[in-house]
$ cat input.txt   # compact mmCIF, C-alpha atoms
# COMPACT_ATOMS: atom_id res chain seq x y z
CA MET A 1 104.70 -23.99 49.15
CA SER A 2 108.35 -22.93 49.08
CA GLU A 3 108.03 -21.38 52.54
CA GLU A 4 107.08 -24.76 53.93
CA LEU A 5 110.38 -26.20 52.76
CA ASP A 6 112.39 -23.18 53.83
CA GLU A 7 111.19 -22.97 57.40
CA PRO A 8 112.11 -26.38 58.80
CA THR A 9 115.76 -26.08 57.77
CA HIS A 10 116.05 -22.57 59.17
CA HIS A 11 117.52 -23.78 62.45
CA ALA A 12 117.96 -21.71 65.53
CA HIS A 13 120.99 -23.89 66.13
CA THR A 14 123.82 -24.75 63.78
CA VAL A 15 124.21 -28.00 61.88
CA VAL A 16 127.31 -29.58 63.38
CA HIS A 17 129.88 -30.69 60.80
CA PRO A 18 130.84 -34.39 60.81
CA LYS A 19 134.47 -33.37 61.28
CA VAL A 20 133.62 -32.22 64.80
CA TYR A 21 131.93 -35.55 65.49
CA ALA A 22 134.94 -37.45 64.11
CA LEU A 23 137.37 -35.50 66.31
CA VAL A 24 135.27 -36.09 69.41
CA PHE A 25 134.93 -39.76 68.48
CA GLY A 26 138.70 -40.08 68.22
CA ALA A 27 139.18 -38.31 71.54
CA LEU A 28 136.69 -40.64 73.23
CA LEU A 29 138.44 -43.74 71.92
CA PHE A 30 141.81 -42.41 73.06
CA LEU A 31 140.44 -41.59 76.52
CA THR A 32 138.95 -45.09 76.80
CA ALA A 33 142.34 -46.65 76.06
CA LEU A 34 143.92 -44.24 78.52
CA THR A 35 141.55 -45.01 81.36
CA THR A 36 142.03 -48.76 80.94
CA GLY A 37 145.79 -48.39 80.65
CA VAL A 38 146.17 -46.08 83.64
CA SER A 39 144.18 -48.46 85.82
CA TYR A 40 147.13 -50.86 85.64
CA VAL A 41 149.53 -48.24 87.01
CA GLU A 42 149.87 -47.99 90.78
CA LEU A 43 148.72 -44.52 91.83
CA GLY A 44 147.24 -45.32 95.21
CA VAL A 45 144.17 -43.28 95.97
CA PHE A 46 144.64 -41.27 92.78
CA ASN A 47 143.61 -44.22 90.61
CA ALA A 48 140.00 -43.50 91.46
CA VAL A 49 140.51 -39.76 90.97
CA VAL A 50 142.10 -40.19 87.55
CA ALA A 51 139.50 -42.74 86.44
CA LEU A 52 136.65 -40.43 87.42
CA ALA A 53 138.35 -37.38 85.93
CA ILE A 54 138.70 -39.17 82.59
CA ALA A 55 135.08 -40.32 82.78
CA VAL A 56 133.97 -36.73 83.44
CA ILE A 57 135.96 -35.51 80.42
CA LYS A 58 134.45 -38.20 78.20
CA GLY A 59 130.97 -37.45 79.48
CA SER A 60 131.50 -33.74 78.92
CA LEU A 61 132.61 -34.33 75.33
CA VAL A 62 129.47 -36.35 74.65
CA VAL A 63 127.18 -33.76 76.28
CA LEU A 64 128.83 -30.77 74.63
CA PHE A 65 129.23 -32.05 71.10
CA PHE A 66 127.13 -35.16 70.47
CA MET A 67 124.21 -33.80 72.48
CA HIS A 68 124.75 -30.30 71.06
CA MET A 69 125.02 -28.45 74.36
CA ARG A 70 127.80 -26.36 72.86
CA TYR A 71 125.38 -25.13 70.21
CA SER A 72 122.32 -24.80 72.39
CA SER A 73 120.38 -21.84 73.70
CA LYS A 74 121.02 -20.49 77.19
CA LEU A 75 117.80 -22.12 78.35
CA LEU A 76 119.05 -25.56 77.42
CA LYS A 77 122.52 -24.93 78.82
CA LEU A 78 121.00 -23.84 82.12
CA THR A 79 118.70 -26.87 82.17
CA ILE A 80 121.57 -29.30 81.61
CA CYS A 81 123.72 -27.65 84.25
CA SER A 82 120.90 -27.69 86.76
CA GLY A 83 120.53 -31.44 86.20
CA PHE A 84 124.15 -32.09 87.06
CA PHE A 85 123.96 -29.65 89.96
CA THR A 86 121.03 -31.59 91.42
CA LEU A 87 123.00 -34.83 91.03
CA PHE A 88 125.90 -33.20 92.81
CA VAL A 89 123.56 -32.20 95.64
CA LEU A 90 122.33 -35.79 95.88
CA LEU A 91 125.85 -37.18 96.10
CA SER A 92 127.42 -34.59 98.40
CA LEU A 93 124.60 -34.12 100.89
CA THR A 94 124.10 -37.88 101.21
CA MET A 95 127.81 -38.20 101.87
CA THR A 96 127.75 -35.44 104.53
CA ASP A 97 124.94 -37.31 106.23
CA TYR A 98 126.87 -40.57 106.35
CA ILE A 99 130.23 -39.06 107.14
CA SER A 100 128.87 -37.02 110.03
CA ARG A 101 126.76 -39.75 111.60
CA ALA A 102 127.31 -43.28 110.41
CA TRP A 103 130.92 -43.57 109.38
CA GLY A 104 132.58 -46.70 110.76
CA LEU A 105 129.31 -47.97 112.19
CA TRP A 106 128.76 -50.69 109.64
CA MET B 1 99.45 -24.95 53.82
CA ARG B 2 96.38 -22.84 54.32
CA CYS B 3 95.76 -22.44 58.00
CA ARG B 4 92.38 -23.68 59.14
CA PRO B 5 92.01 -22.72 62.78
CA LEU B 6 90.16 -25.03 65.13
CA ASP B 7 87.05 -23.79 66.93
CA SER B 8 88.90 -23.02 70.15
CA GLN B 9 91.40 -20.97 68.20
CA THR B 10 88.95 -18.78 66.32
CA LEU B 11 88.32 -17.09 69.65
CA ALA B 12 91.96 -16.68 70.64
CA ILE B 13 93.36 -15.72 67.25
CA PRO B 14 92.57 -12.38 65.59
CA PRO B 15 90.11 -12.72 62.71
CA THR B 16 92.77 -11.85 60.16
CA HIS B 17 94.62 -15.09 60.87
CA SER B 18 92.88 -17.34 58.40
CA GLU B 19 92.41 -14.63 55.81
CA SER B 20 96.06 -13.61 55.60
CA GLY B 21 97.10 -16.71 53.64
CA HIS B 22 99.31 -17.76 56.53
CA GLU B 23 101.80 -20.36 55.35
CA HIS B 24 103.81 -22.69 57.52
CA SER B 25 105.20 -26.18 57.82
CA PRO B 26 102.54 -28.89 58.16
CA HIS B 27 104.38 -30.00 61.28
CA LEU B 28 103.86 -26.77 63.18
CA HIS B 29 101.46 -27.06 66.07
CA HIS B 30 99.47 -23.92 66.57
CA HIS B 31 100.36 -23.33 70.16
CA PHE B 32 103.88 -22.52 68.98
CA ALA B 33 104.80 -19.29 67.26
CA SER B 34 107.32 -20.92 64.94
CA VAL B 35 108.92 -24.25 64.01
CA ASP B 36 112.10 -23.16 65.80
CA GLN B 37 110.24 -22.55 69.03
CA GLN B 38 108.47 -25.89 68.68
CA ARG B 39 111.72 -27.69 68.15
CA GLU B 40 113.37 -25.89 71.06
CA ALA B 41 110.43 -26.76 73.34
CA SER B 42 110.63 -30.38 72.24
CA ASN B 43 114.36 -30.57 73.00
CA PHE B 44 113.76 -28.83 76.31
CA GLY B 45 111.16 -31.43 77.26
CA MET B 46 113.51 -34.24 76.31
CA TRP B 47 116.28 -32.74 78.43
CA LEU B 48 113.89 -32.47 81.40
CA PHE B 49 113.20 -36.18 81.03
CA LEU B 50 116.95 -36.88 80.88
CA LEU B 51 117.35 -34.91 84.09
CA THR B 52 114.99 -37.32 85.80
CA GLU B 53 117.10 -40.14 84.38
CA ILE B 54 120.25 -38.53 85.80
CA MET B 55 118.63 -38.60 89.23
CA PHE B 56 117.40 -42.15 88.69
CA PHE B 57 120.88 -43.46 87.96
CA GLY B 58 122.27 -40.97 90.47
CA GLY B 59 120.53 -42.75 93.30
CA MET B 60 122.12 -46.05 92.33
CA PHE B 61 125.53 -44.44 91.95
CA THR B 62 125.15 -42.96 95.45
CA ALA B 63 124.47 -46.43 96.86
CA TYR B 64 127.56 -47.66 95.04
CA LEU B 65 129.60 -44.78 96.48
CA ILE B 66 128.61 -45.57 100.07
CA TYR B 67 129.16 -49.31 99.87
CA ARG B 68 132.43 -49.05 97.97
CA ASN B 69 133.77 -46.85 100.75
CA TRP B 70 132.49 -49.19 103.44
CA TYR B 71 133.57 -52.51 101.94
CA TYR B 72 136.46 -51.50 99.71
CA PRO B 73 138.42 -54.82 99.89
CA ALA B 74 135.27 -56.70 98.87
CA PHE B 75 134.76 -54.34 95.95
CA VAL B 76 138.36 -54.81 94.84
CA ALA B 77 137.99 -58.60 94.99
CA GLY B 78 134.69 -58.51 93.13
CA SER B 79 136.02 -56.16 90.45
CA HIS B 80 138.97 -58.47 89.80
CA TRP B 81 136.48 -61.03 88.50
CA MET B 82 135.15 -58.69 85.84
CA ILE B 83 136.19 -59.56 82.29
CA ILE B 84 138.10 -56.43 81.39
CA TRP B 85 138.24 -56.99 77.65
CA ALA B 86 134.45 -57.35 77.60
CA GLY B 87 133.98 -54.12 79.53
CA THR B 88 136.48 -52.17 77.42
CA LEU B 89 135.02 -53.53 74.20
CA ASN B 90 131.52 -52.61 75.33
CA THR B 91 132.71 -49.08 76.06
CA VAL B 92 134.20 -48.83 72.57
CA VAL B 93 131.01 -50.27 71.04
CA LEU B 94 128.82 -47.69 72.77
CA ILE B 95 131.13 -44.82 71.83
CA CYS B 96 130.95 -45.97 68.21
CA SER B 97 127.17 -46.17 68.45
CA SER B 98 127.06 -42.61 69.80
CA PHE B 99 129.14 -41.50 66.82
CA THR B 100 126.86 -43.27 64.34
CA MET B 101 123.82 -41.78 66.08
CA ALA B 102 125.28 -38.26 65.87
CA MET B 103 125.95 -38.87 62.18
CA GLY B 104 122.35 -40.07 61.87
CA VAL B 105 121.13 -36.75 63.23
CA TYR B 106 123.41 -34.98 60.74
CA SER B 107 121.98 -37.10 57.91
CA ALA B 108 118.44 -36.18 58.90
CA GLU B 109 119.39 -32.50 59.06
CA THR B 110 120.89 -32.67 55.58
CA ARG B 111 117.90 -34.70 54.36
CA ASN B 112 119.98 -37.68 53.31
CA ARG B 113 117.56 -40.59 53.67
CA LYS B 114 119.97 -43.35 52.68
CA ALA B 115 122.70 -42.10 55.00
CA LEU B 116 120.20 -41.77 57.83
CA LEU B 117 119.11 -45.37 57.31
CA ARG B 118 122.69 -46.57 57.25
CA TYR B 119 123.62 -44.75 60.45
CA LEU B 120 120.48 -45.77 62.32
CA THR B 121 121.05 -49.40 61.31
CA ALA B 122 124.70 -49.19 62.41
CA THR B 123 123.58 -47.79 65.77
CA LEU B 124 121.08 -50.61 66.11
CA LEU B 125 123.66 -53.29 65.31
CA LEU B 126 126.16 -51.80 67.75
CA GLY B 127 123.43 -51.76 70.37
CA PHE B 128 122.87 -55.46 69.81
CA VAL B 129 126.60 -56.16 70.02
CA PHE B 130 126.66 -54.42 73.38
CA LEU B 131 123.71 -56.44 74.67
CA GLY B 132 125.27 -59.64 73.36
CA ILE B 133 128.53 -59.04 75.21
CA LYS B 134 126.54 -58.14 78.33
CA ALA B 135 124.60 -61.40 78.08
CA PHE B 136 127.88 -63.28 77.75
CA GLU B 137 129.20 -61.55 80.88
CA TRP B 138 126.07 -62.23 82.88
CA HIS B 139 126.14 -65.87 81.88
CA ASN B 140 129.72 -65.93 83.05
CA GLU B 141 128.74 -64.59 86.47
CA TRP B 142 126.12 -67.31 86.68
CA VAL B 143 128.64 -70.01 85.85
CA GLU B 144 131.11 -68.64 88.41
CA HIS B 145 128.50 -68.52 91.19
CA HIS B 146 128.58 -64.75 91.49
CA VAL B 147 124.86 -64.08 91.23
CA PRO B 148 123.51 -62.85 94.58
CA GLY B 149 120.29 -64.53 95.62
CA LEU B 150 120.66 -67.30 93.04
CA ASN B 151 123.85 -69.27 93.47
CA PHE B 152 126.31 -66.96 95.18
CA SER B 153 129.39 -68.56 96.70
CA ILE B 154 132.13 -66.73 98.56
CA HIS B 155 134.63 -69.48 97.77
CA ASP B 156 136.44 -67.41 95.13
CA PHE B 157 137.05 -64.62 97.62
CA THR B 158 138.23 -66.64 100.62
CA HIS B 159 140.92 -68.36 98.60
CA VAL B 160 143.91 -66.97 96.76
CA ASP B 161 143.07 -65.67 93.29
CA PRO B 162 145.71 -67.19 90.97
CA ARG B 163 145.56 -64.12 88.72
CA TYR B 164 146.41 -61.84 91.65
CA PRO B 165 148.74 -64.03 93.76
CA ASP B 166 149.90 -61.06 95.87
CA ASP B 167 146.36 -60.36 97.07
CA LYS B 168 145.41 -61.69 100.46
CA PRO B 169 142.16 -63.65 100.44
CA LEU B 170 139.30 -62.01 102.34
CA SER B 171 138.00 -63.00 105.73
CA PRO B 172 134.56 -64.65 105.56
CA ASP B 173 132.95 -61.45 106.91
CA MET B 174 134.38 -59.26 104.18
CA ALA B 175 133.94 -62.02 101.59
CA GLU B 176 130.21 -61.92 102.28
CA LYS B 177 130.25 -58.25 101.32
CA THR B 178 131.23 -59.13 97.77
CA GLN B 179 127.54 -59.92 97.39
CA THR B 180 126.94 -56.20 97.81
CA TYR B 181 129.37 -55.50 94.99
CA PHE B 182 127.71 -58.00 92.69
CA SER B 183 124.23 -56.84 93.63
CA LEU B 184 125.20 -53.32 92.63
CA TYR B 185 126.85 -54.68 89.50
CA PHE B 186 123.68 -56.45 88.37
CA LEU B 187 121.48 -53.53 89.41
CA LEU B 188 123.52 -50.92 87.56
CA THR B 189 124.26 -52.92 84.43
CA GLY B 190 120.75 -54.38 84.46
CA VAL B 191 118.98 -51.03 84.56
CA HIS B 192 121.44 -49.75 81.98
CA ALA B 193 120.75 -52.76 79.74
CA LEU B 194 117.02 -52.13 80.14
CA HIS B 195 117.55 -48.61 78.85
CA MET B 196 119.54 -50.06 75.95
CA LEU B 197 116.67 -52.44 75.17
CA ILE B 198 114.18 -49.59 75.15
CA GLY B 199 116.52 -47.62 72.90
CA VAL B 200 116.94 -50.53 70.53
CA SER B 201 113.16 -51.05 70.34
CA ILE B 202 112.59 -47.40 69.49
CA LEU B 203 115.35 -47.67 66.88
CA PHE B 204 113.38 -50.33 65.01
CA PHE B 205 110.46 -47.94 64.87
CA LEU B 206 112.74 -45.09 63.77
CA ILE B 207 114.38 -47.13 61.02
CA PHE B 208 111.01 -48.14 59.63
CA ASN B 209 109.78 -44.54 59.62
CA ALA B 210 113.07 -43.22 58.26
CA TRP B 211 112.78 -45.67 55.38
CA ARG B 212 109.38 -44.16 54.64
CA GLY B 213 111.04 -40.74 54.51
CA ALA B 214 109.52 -39.37 57.71
CA TYR B 215 112.65 -37.63 58.99
CA THR B 216 114.24 -36.31 55.83
CA THR B 217 111.65 -33.69 54.93
CA GLY B 218 112.84 -31.16 57.48
CA HIS B 219 111.04 -32.42 60.57
CA MET B 220 113.57 -34.52 62.43
CA THR B 221 112.86 -33.64 66.05
CA PHE B 222 112.15 -37.27 66.93
CA ILE B 223 115.58 -38.33 65.66
CA GLU B 224 117.21 -35.46 67.54
CA ASN B 225 115.48 -36.34 70.80
CA PHE B 226 116.19 -40.03 70.42
CA GLY B 227 119.82 -39.10 69.82
CA LEU B 228 119.82 -37.27 73.17
CA TYR B 229 118.47 -40.40 74.86
CA TRP B 230 121.02 -42.66 73.20
CA HIS B 231 123.95 -40.41 74.11
CA PHE B 232 122.72 -40.27 77.69
CA VAL B 233 122.71 -44.06 77.95
CA ASP B 234 126.27 -43.99 76.57
CA ILE B 235 127.32 -41.49 79.24
CA VAL B 236 125.93 -43.71 81.99
CA TRP B 237 128.07 -46.57 80.71
CA ILE B 238 131.11 -44.26 80.48
CA PHE B 239 130.82 -43.86 84.25
CA LEU B 240 129.83 -47.44 85.00
CA PHE B 241 132.86 -48.90 83.25
CA PRO B 242 135.66 -47.47 85.43
CA LEU B 243 133.59 -47.79 88.61
CA LEU B 244 132.81 -51.47 88.14
CA TYR B 245 135.70 -52.82 86.10
CA LEU B 246 138.73 -50.74 86.96
CA ILE B 247 138.84 -50.81 90.75
CA SER B 248 142.56 -51.20 91.44
CA ARG B 249 143.63 -53.38 88.58
CA HIS B 250 147.15 -52.42 89.53
CA GLN B 251 147.19 -54.39 92.71

$ encode --input "input.txt" --output "structure tokens"
Amino acid sequence: MSEELDEPTHHAHTVVHPKVYALVFGALLFLTALTTGVSYVELGVFNAVVALAIAVIKGSLVVLFFMHMRYSSKLLKLTICSGFFTLFVLLSLTMTDYISRAWGLW
Amino acid sequence: MRCRPLDSQTLAIPPTHSESGHEHSPHLHHHFASVDQQREASNFGMWLFLLTEIMFFGGMFTAYLIYRNWYYPAFVAGSHWMIIWAGTLNTVVLICSSFTMAMGVYSAETRNRKALLRYLTATLLLGFVFLGIKAFEWHNEWVEHHVPGLNFSIHDFTHVDPRYPDDKPLSPDMAEKTQTYFSLYFLLTGVHALHMLIGVSILFFLIFNAWRGAYTTGHMTFIENFGLYWHFVDIVWIFLFPLLYLISRHQ
């Protein structure tokens, strides 16, 4: 009977300490304030770049720590990366199609 | 638990299997070698589903990318009508809900039933706050005649916006394109809100089961996987917020 109770808590992955979550939480709140604040500063074309960069950082923090990618097996890490790679293919190849053929024709 | 192999398994498993007094968690399914492998496979499956969700939202983001580049002035004008405090607050609300969900997973891992219940309930409440603010915003669009296909009017965009007096009003051609912006707004936030609704519904189910102690006996894969889903929905909003609300607020 004791084996039954032992096994489930014998994780392949680590139990993440709440302190990590709290730090990430704080970082996310700060980055939210930052992205809203920076949007009021005139940076020309870089406004979009900065906004997206901050969003990518926030998203990465959530994926790495809240979704445990940091503590995952190589299989899971590869799976997650392949998902974002496929998204990148969708975005970039669609853009190459439009840029090379239909730009300015709207 | 004494292992009692099913008929199909007596053929595949060596005869010593049932005689060896093989002990394991009642949650282990026999096609897995161990609980760890089962859990890993379950997480893997959940991630595969989230990958399909990334592509699902990805398609909509691609549409947004194209049209924003084509009709940028219309997107700027449309974005200026977004209620920025509502969007920022919603972002904060979802980030808090992700934190409470992560803490919920931790509570399940440390078998703390009461804490798990508290964190799941907090996540649920924050989810409702988000949906409430969204409903308020959508109602606002309706009142302002910014709902494409229902009562859309380009009046706001062909006249000077008093909040942005330096902005030139749009020509009627470009003003018509603000419908594209608002269509994408309702599409993106609508599909996102649908995902929130599904999440909130599953949360009710989870809270009920958590109260009955289902996830604090060592088998918390469901909570883990739901946590992945919830965090994903948060990430989508993290990208939606700057793209919809923060287009050139500086102008």

$ residues_around --input "input.txt" --residues "Ala77 (chain B)" --least-positions-apart "4" --cutoff "9 Å" --atoms "only C-alpha atoms" --output "VMD selection string"
chain B and resid 72 to 73 81 156 to 157 161 167 169 to 170 175 178 247

$ interface_residues --input "input.txt" --of "chain B" --to "chain A" --cutoff "7 Å" --atoms "only C-alpha atoms" --output "ChimeraX atom specification"
/B:23-25,35-36,44,51,54-55,58,62,92,99,102-103,218-219,228,231,235,238-239,242,246,248-250

$ atom_distance --input "input.txt" --atom1 "CA of Thr96 (chain A)" --atom2 "CA of Asn69 (chain B)"
13.4 Å

$ atom_distance --input "input.txt" --atom1 "CA of Met174 (chain B)" --atom2 "CA of Gly87 (chain B)"
25.2 Å

$ atom_distance --input "input.txt" --atom1 "CA of Thr52 (chain B)" --atom2 "CA of Thr180 (chain B)"
25.4 Å

$ residues_near_point --input "input.txt" --point "(126.6, -47.0, 58.9)" --cutoff "10 Å" --atoms "only C-alpha atoms" --output "list in words"
Ser97, Phe99, Thr100, Met101, Met103, Gly104, Lys114, Ala115, Leu116, Leu117, Arg118, Tyr119, Leu120, Thr121, Ala122, Thr123, Leu124 and Leu125 of chain B

$ residues_near_point --input "input.txt" --point "(116.0, -35.1, 57.9)" --cutoff "6 Å" --atoms "only C-alpha atoms" --output "ChimeraX atom specification"
/B:108-111,215-218,220

$ closest_residue --input "input.txt" --among "A:Met69, A:Leu31, A:Val89, A:Lys74" --to "Ile57 (chain A)" --atoms "only C-alpha atoms"
A:Leu31

$ closest_residue --input "input.txt" --among "B:Pro165, B:Pro26, B:Gly190, B:Pro148" --to "Ala135 (chain B)" --atoms "all atoms listed in the file"
B:Gly190

$ residues_around --input "input.txt" --residues "Ser201 (chain B)" --least-positions-apart "2" --cutoff "12 Å" --atoms "all atoms listed in the file" --output "list in words"
Thr123, Leu124, Leu125, Gly127, Phe128, Leu194, His195, Met196, Leu197, Ile198, Gly199, Leu203, Phe204, Phe205, Leu206, Ile207, Phe208, Phe226 and Trp230 of chain B

$ axis_aligned_box --input "input.txt" --around "region 98-107 of chain B" --padding-each-side "8 Å" --output "JSON"
{"center_x": 125.1, "center_y": -39.1, "center_z": 63.9, "size_x": 24.0, "size_y": 24.3, "size_z": 27.9}

$ decode --input "input.txt" --residues "region 57-80 of chain A" --atoms "N, CA and C atoms" --output "short mmCIF file (atom, residue, chain, number, x, y, z; two decimals), in the first residue's frame"
data_model
loop_
_atom_site.label_atom_id
_atom_site.label_comp_id
_atom_site.auth_asym_id
_atom_site.auth_seq_id
_atom_site.Cartn_x
_atom_site.Cartn_y
_atom_site.Cartn_z
N ILE A 57 8.57 38.58 -24.42
CA ILE A 57 9.21 38.31 -23.14
C ILE A 57 8.19 37.81 -22.13
N LYS A 58 7.03 38.49 -22.08
CA LYS A 58 5.98 38.05 -21.15
C LYS A 58 5.52 36.64 -21.47
N GLY A 59 5.28 36.40 -22.77
CA GLY A 59 4.84 35.07 -23.18
C GLY A 59 5.87 34.01 -22.84
N SER A 60 7.14 34.35 -23.04
CA SER A 60 8.21 33.39 -22.73
C SER A 60 8.24 33.07 -21.25
N LEU A 61 8.06 34.10 -20.41
CA LEU A 61 8.06 33.86 -18.96
C LEU A 61 6.94 32.90 -18.58
N VAL A 62 5.76 33.12 -19.18
CA VAL A 62 4.63 32.24 -18.86
C VAL A 62 4.91 30.82 -19.32
N VAL A 63 5.43 30.67 -20.55
CA VAL A 63 5.69 29.32 -21.08
C VAL A 63 6.79 28.62 -20.28
N LEU A 64 7.84 29.35 -19.97
CA LEU A 64 8.98 28.71 -19.29
C LEU A 64 8.67 28.32 -17.86
N PHE A 65 8.02 29.23 -17.11
CA PHE A 65 7.87 28.98 -15.69
C PHE A 65 6.48 28.52 -15.27
N PHE A 66 5.43 29.24 -15.73
CA PHE A 66 4.09 28.81 -15.35
C PHE A 66 3.72 27.49 -16.02
N MET A 67 4.15 27.34 -17.29
CA MET A 67 3.81 26.12 -18.01
C MET A 67 4.92 25.08 -17.90
N HIS A 68 5.92 25.36 -17.07
CA HIS A 68 6.95 24.38 -16.71
C HIS A 68 7.86 23.96 -17.84
N MET A 69 7.99 24.74 -18.89
CA MET A 69 8.87 24.30 -19.98
C MET A 69 10.31 24.20 -19.50
N ARG A 70 10.67 25.11 -18.59
CA ARG A 70 12.02 25.14 -18.03
C ARG A 70 12.37 23.81 -17.35
N TYR A 71 11.32 23.15 -16.82
CA TYR A 71 11.58 21.94 -16.03
C TYR A 71 11.13 20.68 -16.77
N SER A 72 10.91 20.84 -18.08
CA SER A 72 10.36 19.72 -18.83
C SER A 72 11.44 18.86 -19.48
N SER A 73 11.01 17.71 -19.98
CA SER A 73 11.91 16.82 -20.70
C SER A 73 12.23 17.44 -22.07
N LYS A 74 13.24 16.86 -22.71
CA LYS A 74 13.63 17.35 -24.04
C LYS A 74 12.50 17.16 -25.04
N LEU A 75 11.75 16.09 -24.87
CA LEU A 75 10.62 15.84 -25.77
C LEU A 75 9.64 17.01 -25.75
N LEU A 76 9.28 17.42 -24.53
CA LEU A 76 8.32 18.51 -24.40
C LEU A 76 8.91 19.83 -24.90
N LYS A 77 10.16 20.07 -24.59
CA LYS A 77 10.81 21.30 -25.05
C LYS A 77 10.79 21.36 -26.58
N LEU A 78 11.11 20.25 -27.20
CA LEU A 78 11.14 20.18 -28.66
C LEU A 78 9.75 20.40 -29.23
N THR A 79 8.75 19.79 -28.58
CA THR A 79 7.37 19.93 -29.03
C THR A 79 6.94 21.40 -29.00
N ILE A 80 7.22 22.07 -27.88
CA ILE A 80 6.81 23.46 -27.73
C ILE A 80 7.50 24.33 -28.78
#
